[in-house]
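Chemist: Just so it is clear, I am handing over start-v9.txt, which has compact mmCIF, C-alpha atoms and all ligand atoms.
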# COMPACT_ATOMS: atom_id res chain seq x y z
CA LYS M 271 23.23 264.37 -124.57
CA PRO M 272 20.10 265.25 -126.54
CA PHE M 273 18.28 266.96 -123.64
CA LYS M 274 18.96 268.85 -120.45
CA ARG M 275 16.08 267.32 -118.50
CA ILE M 276 13.63 264.57 -119.37
CA LEU M 277 10.73 263.18 -117.37
CA PHE M 278 10.01 259.46 -117.09
CA THR M 279 6.60 258.63 -115.60
CA GLY M 280 5.84 255.22 -114.11
CA ALA M 281 9.34 254.87 -112.70
CA ALA M 282 8.28 252.28 -110.10
CA GLY M 283 6.63 250.04 -112.71
CA ASN M 284 7.95 246.96 -114.50
CA LEU M 285 9.52 248.90 -117.34
CA GLY M 286 10.48 251.92 -115.24
CA ARG M 287 12.60 249.82 -112.91
CA ARG M 288 14.38 248.07 -115.79
CA LEU M 289 14.93 251.25 -117.78
CA ARG M 290 16.13 253.45 -114.92
CA ASP M 291 19.86 253.00 -115.49
CA HIS M 292 19.51 253.46 -119.25
CA LEU M 293 17.86 256.86 -119.19
CA HIS M 294 20.94 258.93 -118.42
CA GLN M 295 22.13 258.75 -122.02
CA PHE M 296 19.15 260.92 -123.00
CA ALA M 297 19.58 263.86 -120.62
CA ASP M 298 21.77 265.48 -117.96
CA ILE M 299 18.93 265.23 -115.47
CA VAL M 300 16.39 262.41 -115.42
CA ARG M 301 13.25 263.25 -113.49
CA LEU M 302 11.48 260.09 -112.35
CA SER M 303 7.91 260.06 -111.21
CA ASP M 304 5.36 257.58 -109.93
CA ALA M 305 2.23 257.59 -107.79
CA VAL M 306 4.00 255.54 -105.10
CA ASP M 307 7.18 256.22 -103.18
CA PHE M 308 10.10 254.31 -104.68
CA GLY M 309 13.02 255.49 -102.62
CA PRO M 310 15.66 258.19 -102.94
CA ALA M 311 17.06 259.84 -106.05
CA ARG M 312 20.44 258.69 -107.33
CA GLU M 313 23.05 260.88 -109.00
CA GLY M 314 21.63 262.80 -111.97
CA GLU M 315 18.04 262.08 -110.92
CA GLU M 316 15.11 264.00 -109.48
CA ILE M 317 12.07 262.30 -107.99
CA VAL M 318 8.53 263.63 -108.03
CA ILE M 319 5.68 261.63 -106.52
CA ALA M 320 2.59 262.47 -108.56
CA ASP M 321 -0.95 261.23 -108.98
CA LEU M 322 -1.77 261.45 -112.69
CA ALA M 323 -5.42 262.16 -111.89
CA LYS M 324 -4.44 265.35 -110.02
CA ARG M 325 -3.87 268.30 -112.26
CA GLU M 326 -1.58 270.19 -109.83
CA ASP M 327 0.62 267.10 -109.39
CA VAL M 328 0.93 266.66 -113.13
CA PHE M 329 1.82 270.31 -113.81
CA LYS M 330 4.45 270.22 -111.05
CA MET M 331 5.89 266.97 -112.43
CA CYS M 332 6.19 268.42 -115.95
CA GLU M 333 7.66 271.82 -115.01
CA GLY M 334 11.01 272.48 -116.68
CA VAL M 335 11.38 269.28 -118.72
CA ASP M 336 12.30 269.10 -122.42
CA ALA M 337 10.64 265.80 -123.30
CA ILE M 338 8.55 263.13 -121.60
CA LEU M 339 8.60 259.34 -121.66
CA HIS M 340 5.08 258.58 -120.43
CA PHE M 341 5.01 255.07 -118.98
CA GLY M 342 2.81 255.90 -115.97
CA GLY M 343 -0.70 254.58 -115.40
CA VAL M 344 -2.51 251.27 -115.00
CA SER M 345 -0.77 248.55 -117.04
CA THR M 346 -3.19 245.63 -116.79
CA GLU M 347 -6.91 244.94 -117.21
CA GLN M 348 -8.71 246.45 -114.18
CA PRO M 349 -12.14 247.85 -113.32
CA PHE M 350 -12.84 251.01 -115.29
CA GLU M 351 -12.44 253.55 -112.49
CA PRO M 352 -8.70 253.20 -111.81
CA ILE M 353 -8.10 253.05 -115.56
CA MET M 354 -10.24 256.13 -116.07
CA ASN M 355 -8.32 258.06 -113.40
CA ALA M 356 -4.75 257.18 -114.29
CA ASN M 357 -4.96 256.53 -118.03
CA ILE M 358 -7.80 258.70 -119.32
CA LEU M 359 -7.89 261.69 -116.97
CA GLY M 360 -4.13 261.23 -116.47
CA THR M 361 -3.30 261.67 -120.16
CA VAL M 362 -5.63 264.69 -120.40
CA ASN M 363 -3.75 266.31 -117.51
CA LEU M 364 -0.41 265.36 -119.03
CA TYR M 365 -1.14 266.78 -122.50
CA GLU M 366 -2.60 269.97 -121.05
CA ALA M 367 0.59 270.41 -119.02
CA VAL M 368 2.72 269.62 -122.07
CA HIS M 369 0.82 272.22 -124.09
CA LYS M 370 0.78 274.96 -121.44
CA LEU M 371 4.42 274.44 -120.47
CA GLY M 372 5.65 274.36 -124.10
CA ILE M 373 7.10 270.82 -124.01
CA LYS M 374 7.82 269.65 -127.53
CA ARG M 375 7.75 265.88 -127.53
CA VAL M 376 6.26 262.88 -125.75
CA VAL M 377 6.95 259.19 -126.14
CA PHE M 378 3.79 257.40 -125.06
CA ALA M 379 3.91 253.80 -123.85
CA SER M 380 0.91 252.48 -125.73
CA SER M 381 0.21 248.77 -125.93
CA ASN M 382 -0.52 245.85 -128.19
CA HIS M 383 -3.87 245.69 -126.35
CA THR M 384 -5.08 248.52 -128.63
CA ILE M 385 -5.28 245.79 -131.28
CA GLY M 386 -5.77 242.75 -129.04
CA MET M 387 -9.05 241.59 -130.64
CA TYR M 388 -7.39 240.91 -133.99
CA PRO M 389 -7.05 237.22 -134.76
CA THR M 390 -3.59 235.81 -134.30
CA THR M 391 -3.71 234.80 -137.98
CA THR M 392 -3.80 238.47 -139.12
CA GLN M 393 -0.72 240.54 -139.98
CA LEU M 394 -1.05 244.16 -138.90
CA ASP M 395 0.45 247.49 -139.64
CA ALA M 396 -0.12 250.71 -137.72
CA SER M 397 -2.68 252.07 -140.20
CA MET M 398 -5.23 249.34 -139.49
CA PRO M 399 -8.24 250.21 -137.30
CA VAL M 400 -7.83 249.71 -133.56
CA ARG M 401 -9.57 246.71 -131.97
CA ALA M 402 -8.93 246.97 -128.25
CA ASP M 403 -9.39 243.94 -126.00
CA GLY M 404 -10.73 245.61 -122.82
CA TYR M 405 -10.82 248.82 -120.78
CA TYR M 406 -7.03 248.89 -120.53
CA GLY M 407 -6.56 248.59 -124.30
CA LEU M 408 -9.30 251.18 -124.82
CA SER M 409 -7.49 253.59 -122.51
CA LYS M 410 -4.37 253.20 -124.68
CA VAL M 411 -6.54 253.87 -127.76
CA TRP M 412 -7.60 257.06 -125.97
CA GLY M 413 -3.96 258.03 -125.39
CA GLU M 414 -3.16 257.45 -129.06
CA ALA M 415 -6.16 259.51 -130.20
CA LEU M 416 -5.53 262.29 -127.67
CA SER M 417 -1.90 262.62 -128.69
CA ARG M 418 -2.97 262.67 -132.36
CA PHE M 419 -5.28 265.59 -131.51
CA TYR M 420 -2.52 267.51 -129.69
CA TRP M 421 -0.31 267.09 -132.77
CA ASP M 422 -3.01 268.18 -135.22
CA ARG M 423 -4.22 271.08 -133.08
CA PHE M 424 -1.08 272.27 -131.27
CA GLY M 425 1.91 270.71 -133.04
CA ILE M 426 3.02 268.63 -130.05
CA GLU M 427 4.91 265.58 -131.28
CA THR M 428 4.26 262.08 -129.94
CA VAL M 429 5.60 258.66 -130.75
CA CYS M 430 3.17 256.00 -129.52
CA LEU M 431 4.92 252.69 -128.92
CA ARG M 432 2.57 249.71 -128.99
CA ILE M 433 4.74 247.64 -126.71
CA GLY M 434 4.50 243.86 -126.85
CA TYR M 435 5.76 241.47 -124.17
CA CYS M 436 8.69 243.28 -122.57
CA PHE M 437 9.96 240.98 -119.84
CA PRO M 438 13.32 239.20 -119.71
CA GLU M 439 12.26 235.79 -121.08
CA PRO M 440 9.22 234.77 -123.10
CA THR M 441 7.77 231.40 -122.11
CA THR M 442 4.78 231.02 -124.45
CA HIS M 443 4.39 231.25 -128.21
CA ARG M 444 2.51 234.54 -127.92
CA GLN M 445 5.13 236.05 -125.65
CA ALA M 446 7.84 234.99 -128.10
CA ASN M 447 5.97 236.47 -131.07
CA THR M 448 5.42 239.81 -129.32
CA TRP M 449 8.68 239.94 -127.33
CA LEU M 450 10.60 243.20 -127.00
CA SER M 451 14.08 243.08 -125.51
CA LEU M 452 15.17 245.81 -123.12
CA ASP M 453 17.98 246.85 -125.47
CA ASP M 454 15.57 247.17 -128.37
CA LEU M 455 13.21 249.22 -126.20
CA VAL M 456 16.10 251.54 -125.29
CA GLN M 457 16.92 251.89 -128.99
CA LEU M 458 13.26 252.70 -129.75
CA LEU M 459 13.21 255.35 -127.03
CA HIS M 460 16.42 256.85 -128.36
CA ARG M 461 15.13 257.01 -131.94
CA SER M 462 11.78 258.38 -130.77
CA LEU M 463 13.53 261.17 -128.88
CA VAL M 464 16.19 262.22 -131.40
CA VAL M 465 14.72 261.80 -134.89
CA PRO M 466 13.99 265.40 -135.99
CA CYS M 467 10.35 265.29 -137.16
CA VAL M 468 8.15 262.55 -135.79
CA GLY M 469 4.78 264.35 -135.93
CA HIS M 470 2.39 261.75 -134.60
CA THR M 471 3.75 258.27 -135.11
CA ILE M 472 2.55 254.84 -134.06
CA ALA M 473 5.20 252.12 -133.90
CA PHE M 474 5.10 248.54 -132.66
CA GLY M 475 7.50 247.91 -129.81
CA VAL M 476 8.70 244.49 -130.83
CA SER M 477 12.03 242.78 -131.50
CA ASP M 478 12.96 240.94 -134.72
CA ASN M 479 11.06 237.77 -133.74
CA PRO M 480 10.12 234.83 -135.99
CA GLY M 481 6.55 234.91 -137.36
CA LEU M 482 5.81 238.52 -136.37
CA TRP M 483 2.19 239.69 -136.41
CA TRP M 484 3.19 243.36 -136.71
CA ASP M 485 4.81 245.28 -139.51
CA ASN M 486 6.60 248.51 -138.64
CA ARG M 487 6.83 249.94 -142.16
CA GLN M 488 4.95 253.15 -141.31
CA ALA M 489 7.54 253.95 -138.66
CA ARG M 490 10.57 253.06 -140.81
CA PHE M 491 11.76 256.68 -140.82
CA LEU M 492 12.49 256.33 -137.09
CA GLY M 493 15.45 254.18 -138.10
CA TYR M 494 14.62 251.53 -135.51
CA ALA M 495 16.60 248.38 -136.33
CA PRO M 496 15.96 245.70 -133.68
CA LYS M 497 19.06 243.77 -132.66
CA ASP M 498 17.37 241.00 -130.69
CA SER M 499 15.09 238.11 -131.56
CA SER M 500 13.15 235.61 -129.46
CA ALA M 501 14.56 232.92 -131.79
CA ARG M 502 17.36 232.54 -129.26
CA PHE M 503 14.98 231.13 -126.63
CA PRO M 504 14.31 227.37 -126.40
CA GLU M 505 12.88 225.61 -129.48
CA PRO M 506 9.40 224.44 -128.22
CA LEU M 507 8.48 228.09 -127.79
CA GLN M 508 8.54 228.54 -131.54
CA GLY M 509 6.40 225.53 -132.40
CA PRO M 510 3.47 226.23 -134.74
CA VAL M 511 0.13 226.83 -133.02
CA ASP M 512 -3.01 226.29 -135.05
CA TYR M 513 -4.71 229.43 -133.84
CA ALA M 514 -7.60 229.41 -136.33
CA SER M 515 -9.00 226.04 -135.28
CA ASN M 516 -8.37 226.53 -131.58
CA GLU M 517 -11.33 227.35 -129.36
CA ASP M 518 -9.21 229.01 -126.69
CA ILE M 519 -9.88 232.78 -126.96
CA THR M 520 -6.46 233.56 -125.52
CA LEU M 521 -4.89 231.76 -128.50
CA LYS M 522 -7.32 233.06 -131.12
CA HIS M 523 -6.73 236.75 -130.36
CA GLN M 524 -3.54 238.79 -130.27
CA GLY M 525 -4.37 240.12 -126.79
CA GLY M 526 -3.84 236.65 -125.28
CA GLN M 527 -4.56 236.40 -121.53
CA PHE M 528 -6.08 239.89 -121.41
CA LEU M 529 -9.12 238.42 -123.17
CA ILE M 530 -10.14 236.50 -120.05
CA ASN M 531 -9.53 239.35 -117.60
CA GLY M 532 -12.19 241.78 -118.70
CA PRO M 533 -14.28 243.74 -118.96
CA LYS M 534 -14.55 244.05 -115.18
CA TYR M 535 -17.89 245.77 -114.69
CA PRO M 536 -19.37 245.38 -111.20
CA ASP M 537 -22.71 243.50 -111.02
C1 LIG M 601 0.76 245.20 -121.69
O1 LIG M 601 0.28 246.20 -122.18
C2 LIG M 601 1.04 245.11 -120.23
O2 LIG M 601 1.27 246.36 -119.65
C3 LIG M 601 2.16 244.17 -119.92
O3 LIG M 601 2.22 243.95 -118.55
C4 LIG M 601 2.09 242.86 -120.69
O4 LIG M 601 1.11 242.07 -120.15
C5 LIG M 601 1.90 243.11 -122.18
O5 LIG M 601 0.95 244.09 -122.45
C6 LIG M 601 1.55 241.86 -122.98
O6 LIG M 601 0.68 241.95 -123.83
O7 LIG M 601 2.15 240.83 -122.78
Please render this file's structure as structure tokens.
Modeler:
Amino acid sequence: KPFKRILFTGAAGNLGRRLRDHLHQFADIVRLSDAVDFGPAREGEEIVIADLAKREDVFKMCEGVDAILHFGGVSTEQPFEPIMNANILGTVNLYEAVHKLGIKRVVFASSNHTIGMYPTTTQLDASMPVRADGYYGLSKVWGEALSRFYWDRFGIETVCLRIGYCFPEPTTHRQANTWLSLDDLVQLLHRSLVVPCVGHTIAFGVSDNPGLWWDNRQARFLGYAPKDSSARFPEPLQGPVDYASNEDITLKHQGGQFLINGPKYPD
């Protein structure tokens, strides 16, 4: 196994729950953490309940690990304060712990909402400027920029995965275009952990879907070769949508539904 002990944050979340049984291939001991209690540890696991906004919690959670898969934090559009605590202060605490404790590599669950304001008629690669679609997307932009800084300044490696729609079955055209299968996500995590020099890399977490908006050429050296495609889901899903002439902002922009959820600023 590549590592003795890895940490996975956000273990009680959507992706954490689905990934749990797949993490053992990466390390002898998988430390799982979340802000909420999610039951007892199974064989080969350790559990640490930690609030990302609390520095002591974060240092304790990171103690003795070789690499981190950081999936913890707020994962939807919310008022700024919870996002600020978990995603902005939380990543500052995490990277300070990573630096002080000498941890070499992080895989950061970024999001397609870092580029959600791009029109759905635009093809993107990872070098194009960010265009977040709300506070949540902006917090992921922060995580990408912060991890870039910790690479430039301290040589800590991070792969940022701009994950698309990672649920079992896409049901809309957008979900099909941005779909990431669980197996492909596991492959991406594996490549992100074992490829020798990743520096600071941004990759799109997406399967080999028809009509992709995102081009992963800058991350080709990771050797990620998606095995799944949303083409296997029912036909109507793939029907052409005339995004450009449509007035619906959720169809015009890559961020989809997130466009109508924010920004949530109290009156
Ligand atoms: C995300 O970043 C969310 O965390 C996830 O729940 C999905 O909504 C996904 O993006 C998406 O864009 O579909």
Chemist: With distances taken over only C-alpha atoms and all ligand atoms, which of M:Lys497, M:Arg444, M:Arg287, M:Arg275 is nearest to ligand LIG 601 (chain M)?
Modeler: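 For ligand LIG 601 (chain M), the nearest of the candidates is M:Arg444.
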Chemist: Could you give me, as an mmCIF file with C-alpha atoms, keeping the file's coordinate frame, the residues within 9 Å of M:Gly360, counting only C-alpha atoms and dropping anything in the same chain fewer than 5 positions from it?
Modeler:
data_model
loop_
_atom_site.group_PDB
_atom_site.id
_atom_site.type_symbol
_atom_site.label_atom_id
_atom_site.label_comp_id
_atom_site.auth_asym_id
_atom_site.auth_seq_id
_atom_site.Cartn_x
_atom_site.Cartn_y
_atom_site.Cartn_z
ATOM 1 C CA ASP M 321 -0.950 261.230 -108.980
ATOM 2 C CA LEU M 322 -1.770 261.450 -112.690
ATOM 3 C CA ALA M 323 -5.420 262.160 -111.890
ATOM 4 C CA LYS M 324 -4.440 265.350 -110.020
ATOM 5 C CA ARG M 325 -3.870 268.300 -112.260
ATOM 6 C CA VAL M 328 0.930 266.660 -113.130
ATOM 7 C CA GLY M 342 2.810 255.900 -115.970
ATOM 8 C CA GLY M 343 -0.700 254.580 -115.400
ATOM 9 C CA MET M 354 -10.240 256.130 -116.070
ATOM 10 C CA ASN M 355 -8.320 258.060 -113.400
ATOM 11 C CA TYR M 365 -1.140 266.780 -122.500
#
Chemist: Between atom CA of M:Ala489 and atom CA of M:Leu459, measure the distance and give it in Å to one decimal.
Modeler: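 Pair atom CA of M:Ala489 / atom CA of M:Leu459 returns 13.0 Å.
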Chemist: Taking 2 positions as the minimum chain separation for residues in the same chain, which residues sit within 12 Å of stretch 331-333 of chain M when counting all atoms listed in the file? Answer as a PyMOL selection string.
Modeler: chain M and resi 275-280+300-305+316-322+324-329+335-340+363-376
Chemist: Atoms to include: C-alpha atoms. Write the selected residues as a PDB file, keeping the file's coordinate frame.
Modeler:
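Done, and the output landed in out-v3.pdb:
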ATOM      1  CA  ARG M 275      16.080 267.320-118.500  1.00  0.00           C
ATOM      2  CA  ILE M 276      13.630 264.570-119.370  1.00  0.00           C
ATOM      3  CA  LEU M 277      10.730 263.180-117.370  1.00  0.00           C
ATOM      4  CA  PHE M 278      10.010 259.460-117.090  1.00  0.00           C
ATOM      5  CA  THR M 279       6.600 258.630-115.600  1.00  0.00           C
ATOM      6  CA  GLY M 280       5.840 255.220-114.110  1.00  0.00           C
ATOM      7  CA  VAL M 300      16.390 262.410-115.420  1.00  0.00           C
ATOM      8  CA  ARG M 301      13.250 263.250-113.490  1.00  0.00           C
ATOM      9  CA  LEU M 302      11.480 260.090-112.350  1.00  0.00           C
ATOM     10  CA  SER M 303       7.910 260.060-111.210  1.00  0.00           C
ATOM     11  CA  ASP M 304       5.360 257.580-109.930  1.00  0.00           C
ATOM     12  CA  ALA M 305       2.230 257.590-107.790  1.00  0.00           C
ATOM     13  CA  GLU M 316      15.110 264.000-109.480  1.00  0.00           C
ATOM     14  CA  ILE M 317      12.070 262.300-107.990  1.00  0.00           C
ATOM     15  CA  VAL M 318       8.530 263.630-108.030  1.00  0.00           C
ATOM     16  CA  ILE M 319       5.680 261.630-106.520  1.00  0.00           C
ATOM     17  CA  ALA M 320       2.590 262.470-108.560  1.00  0.00           C
ATOM     18  CA  ASP M 321      -0.950 261.230-108.980  1.00  0.00           C
ATOM     19  CA  LEU M 322      -1.770 261.450-112.690  1.00  0.00           C
ATOM     20  CA  LYS M 324      -4.440 265.350-110.020  1.00  0.00           C
ATOM     21  CA  ARG M 325      -3.870 268.300-112.260  1.00  0.00           C
ATOM     22  CA  GLU M 326      -1.580 270.190-109.830  1.00  0.00           C
ATOM     23  CA  ASP M 327       0.620 267.100-109.390  1.00  0.00           C
ATOM     24  CA  VAL M 328       0.930 266.660-113.130  1.00  0.00           C
ATOM     25  CA  PHE M 329       1.820 270.310-113.810  1.00  0.00           C
ATOM     26  CA  VAL M 335      11.380 269.280-118.720  1.00  0.00           C
ATOM     27  CA  ASP M 336      12.300 269.100-122.420  1.00  0.00           C
ATOM     28  CA  ALA M 337      10.640 265.800-123.300  1.00  0.00           C
ATOM     29  CA  ILE M 338       8.550 263.130-121.600  1.00  0.00           C
ATOM     30  CA  LEU M 339       8.600 259.340-121.660  1.00  0.00           C
ATOM     31  CA  HIS M 340       5.080 258.580-120.430  1.00  0.00           C
ATOM     32  CA  ASN M 363      -3.750 266.310-117.510  1.00  0.00           C
ATOM     33  CA  LEU M 364      -0.410 265.360-119.030  1.00  0.00           C
ATOM     34  CA  TYR M 365      -1.140 266.780-122.500  1.00  0.00           C
ATOM     35  CA  GLU M 366      -2.600 269.970-121.050  1.00  0.00           C
ATOM     36  CA  ALA M 367       0.590 270.410-119.020  1.00  0.00           C
ATOM     37  CA  VAL M 368       2.720 269.620-122.070  1.00  0.00           C
ATOM     38  CA  HIS M 369       0.820 272.220-124.090  1.00  0.00           C
ATOM     39  CA  LYS M 370       0.780 274.960-121.440  1.00  0.00           C
ATOM     40  CA  LEU M 371       4.420 274.440-120.470  1.00  0.00           C
ATOM     41  CA  GLY M 372       5.650 274.360-124.100  1.00  0.00           C
ATOM     42  CA  ILE M 373       7.100 270.820-124.010  1.00  0.00           C
ATOM     43  CA  LYS M 374       7.820 269.650-127.530  1.00  0.00           C
ATOM     44  CA  ARG M 375       7.750 265.880-127.530  1.00  0.00           C
ATOM     45  CA  VAL M 376       6.260 262.880-125.750  1.00  0.00           C
TER      46      VAL M 376
END
Chemist: Mind checking which residues fall within 7 Å of stretch 498-512 of chain M, counting only C-alpha atoms, ignoring those fewer than 6 positions away in the same chain, and posting them as an NGL selection string?
Modeler: :M and (441-443 or 446 or 449 or 451 or 454 or 477-480)
Chemist: Hey, which bits of chain M sit within 9 Å of ligand LIG 601 (chain M), and for each residue what's the closest pair of atoms and how far apart in Å (one decimal), counting all atoms listed in the file, rows by chain and increasing number, as a Markdown table?
Modeler:
| residue | atom | partner | partner_atom | distance |
| --- | --- | --- | --- | --- |
| M:Asn284 | CA | M:LIG601 | O3 | 7.6 |
| M:Leu285 | CA | M:LIG601 | O3 | 8.9 |
| M:Val344 | CA | M:LIG601 | O2 | 7.7 |
| M:Ser345 | CA | M:LIG601 | O2 | 4.0 |
| M:Thr346 | CA | M:LIG601 | O2 | 5.3 |
| M:Glu347 | CA | M:LIG601 | C2 | 8.5 |
| M:Ala379 | CA | M:LIG601 | O1 | 8.6 |
| M:Ser380 | CA | M:LIG601 | O1 | 7.2 |
| M:Ser381 | CA | M:LIG601 | O1 | 4.5 |
| M:Asn382 | CA | M:LIG601 | O6 | 6.0 |
| M:His383 | CA | M:LIG601 | O1 | 5.9 |
| M:Thr384 | CA | M:LIG601 | O1 | 8.7 |
| M:Gly386 | CA | M:LIG601 | O6 | 8.3 |
| M:Tyr406 | CA | M:LIG601 | O1 | 8.0 |
| M:Gly407 | CA | M:LIG601 | O1 | 7.5 |
| M:Lys410 | CA | M:LIG601 | O1 | 8.8 |
| M:Arg432 | CA | M:LIG601 | O1 | 8.0 |
| M:Ile433 | CA | M:LIG601 | O1 | 6.5 |
| M:Gly434 | CA | M:LIG601 | O6 | 5.2 |
| M:Tyr435 | CA | M:LIG601 | O7 | 3.9 |
| M:Cys436 | CA | M:LIG601 | C5 | 6.8 |
| M:Phe437 | CA | M:LIG601 | C4 | 8.1 |
| M:Arg444 | CA | M:LIG601 | O7 | 8.1 |
| M:Gln445 | CA | M:LIG601 | O7 | 6.3 |
| M:Thr448 | CA | M:LIG601 | O7 | 7.4 |
| M:Trp449 | CA | M:LIG601 | O7 | 8.0 |
| M:Gln524 | CA | M:LIG601 | O6 | 8.3 |
| M:Gly525 | CA | M:LIG601 | O6 | 6.1 |
| M:Gly526 | CA | M:LIG601 | O6 | 7.1 |
| M:Gln527 | CA | M:LIG601 | O6 | 8.0 |
| M:Phe528 | CA | M:LIG601 | O6 | 7.5 |
Chemist: Calculate how many Å separate atom CA of M:Ala415 from atom CA of M:Gly532, rounding to one decimal.
Modeler: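 Taking atom CA of M:Ala415 as the start and atom CA of M:Gly532 as the end point, the length is 22.0 Å.
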Chemist: Assuming 3 Å of padding per side, give the centre and edge lengths of the axis-aligned box around every listed atom of stretch 324-339 of chain M, in Å to one decimal and as JSON.
Modeler:
{"center_x": 3.9, "center_y": 265.9, "center_z": -116.3, "size_x": 22.7, "size_y": 19.1, "size_z": 19.9}
Chemist: State, in Å with one decimal place, the distance from atom CA of M:Gly283 to atom CA of M:Ile299.
Modeler: 19.7 Å
Chemist: Could you check the closest approach to M:Gly475 for each of M:Pro533, M:Pro496, M:Pro399, M:Gly314 and tell me which residue wins, using all atoms listed in the file?
Modeler: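 Ranking M:Pro533, M:Pro496, M:Pro399, M:Gly314 by distance to M:Gly475, first place goes to M:Pro496.
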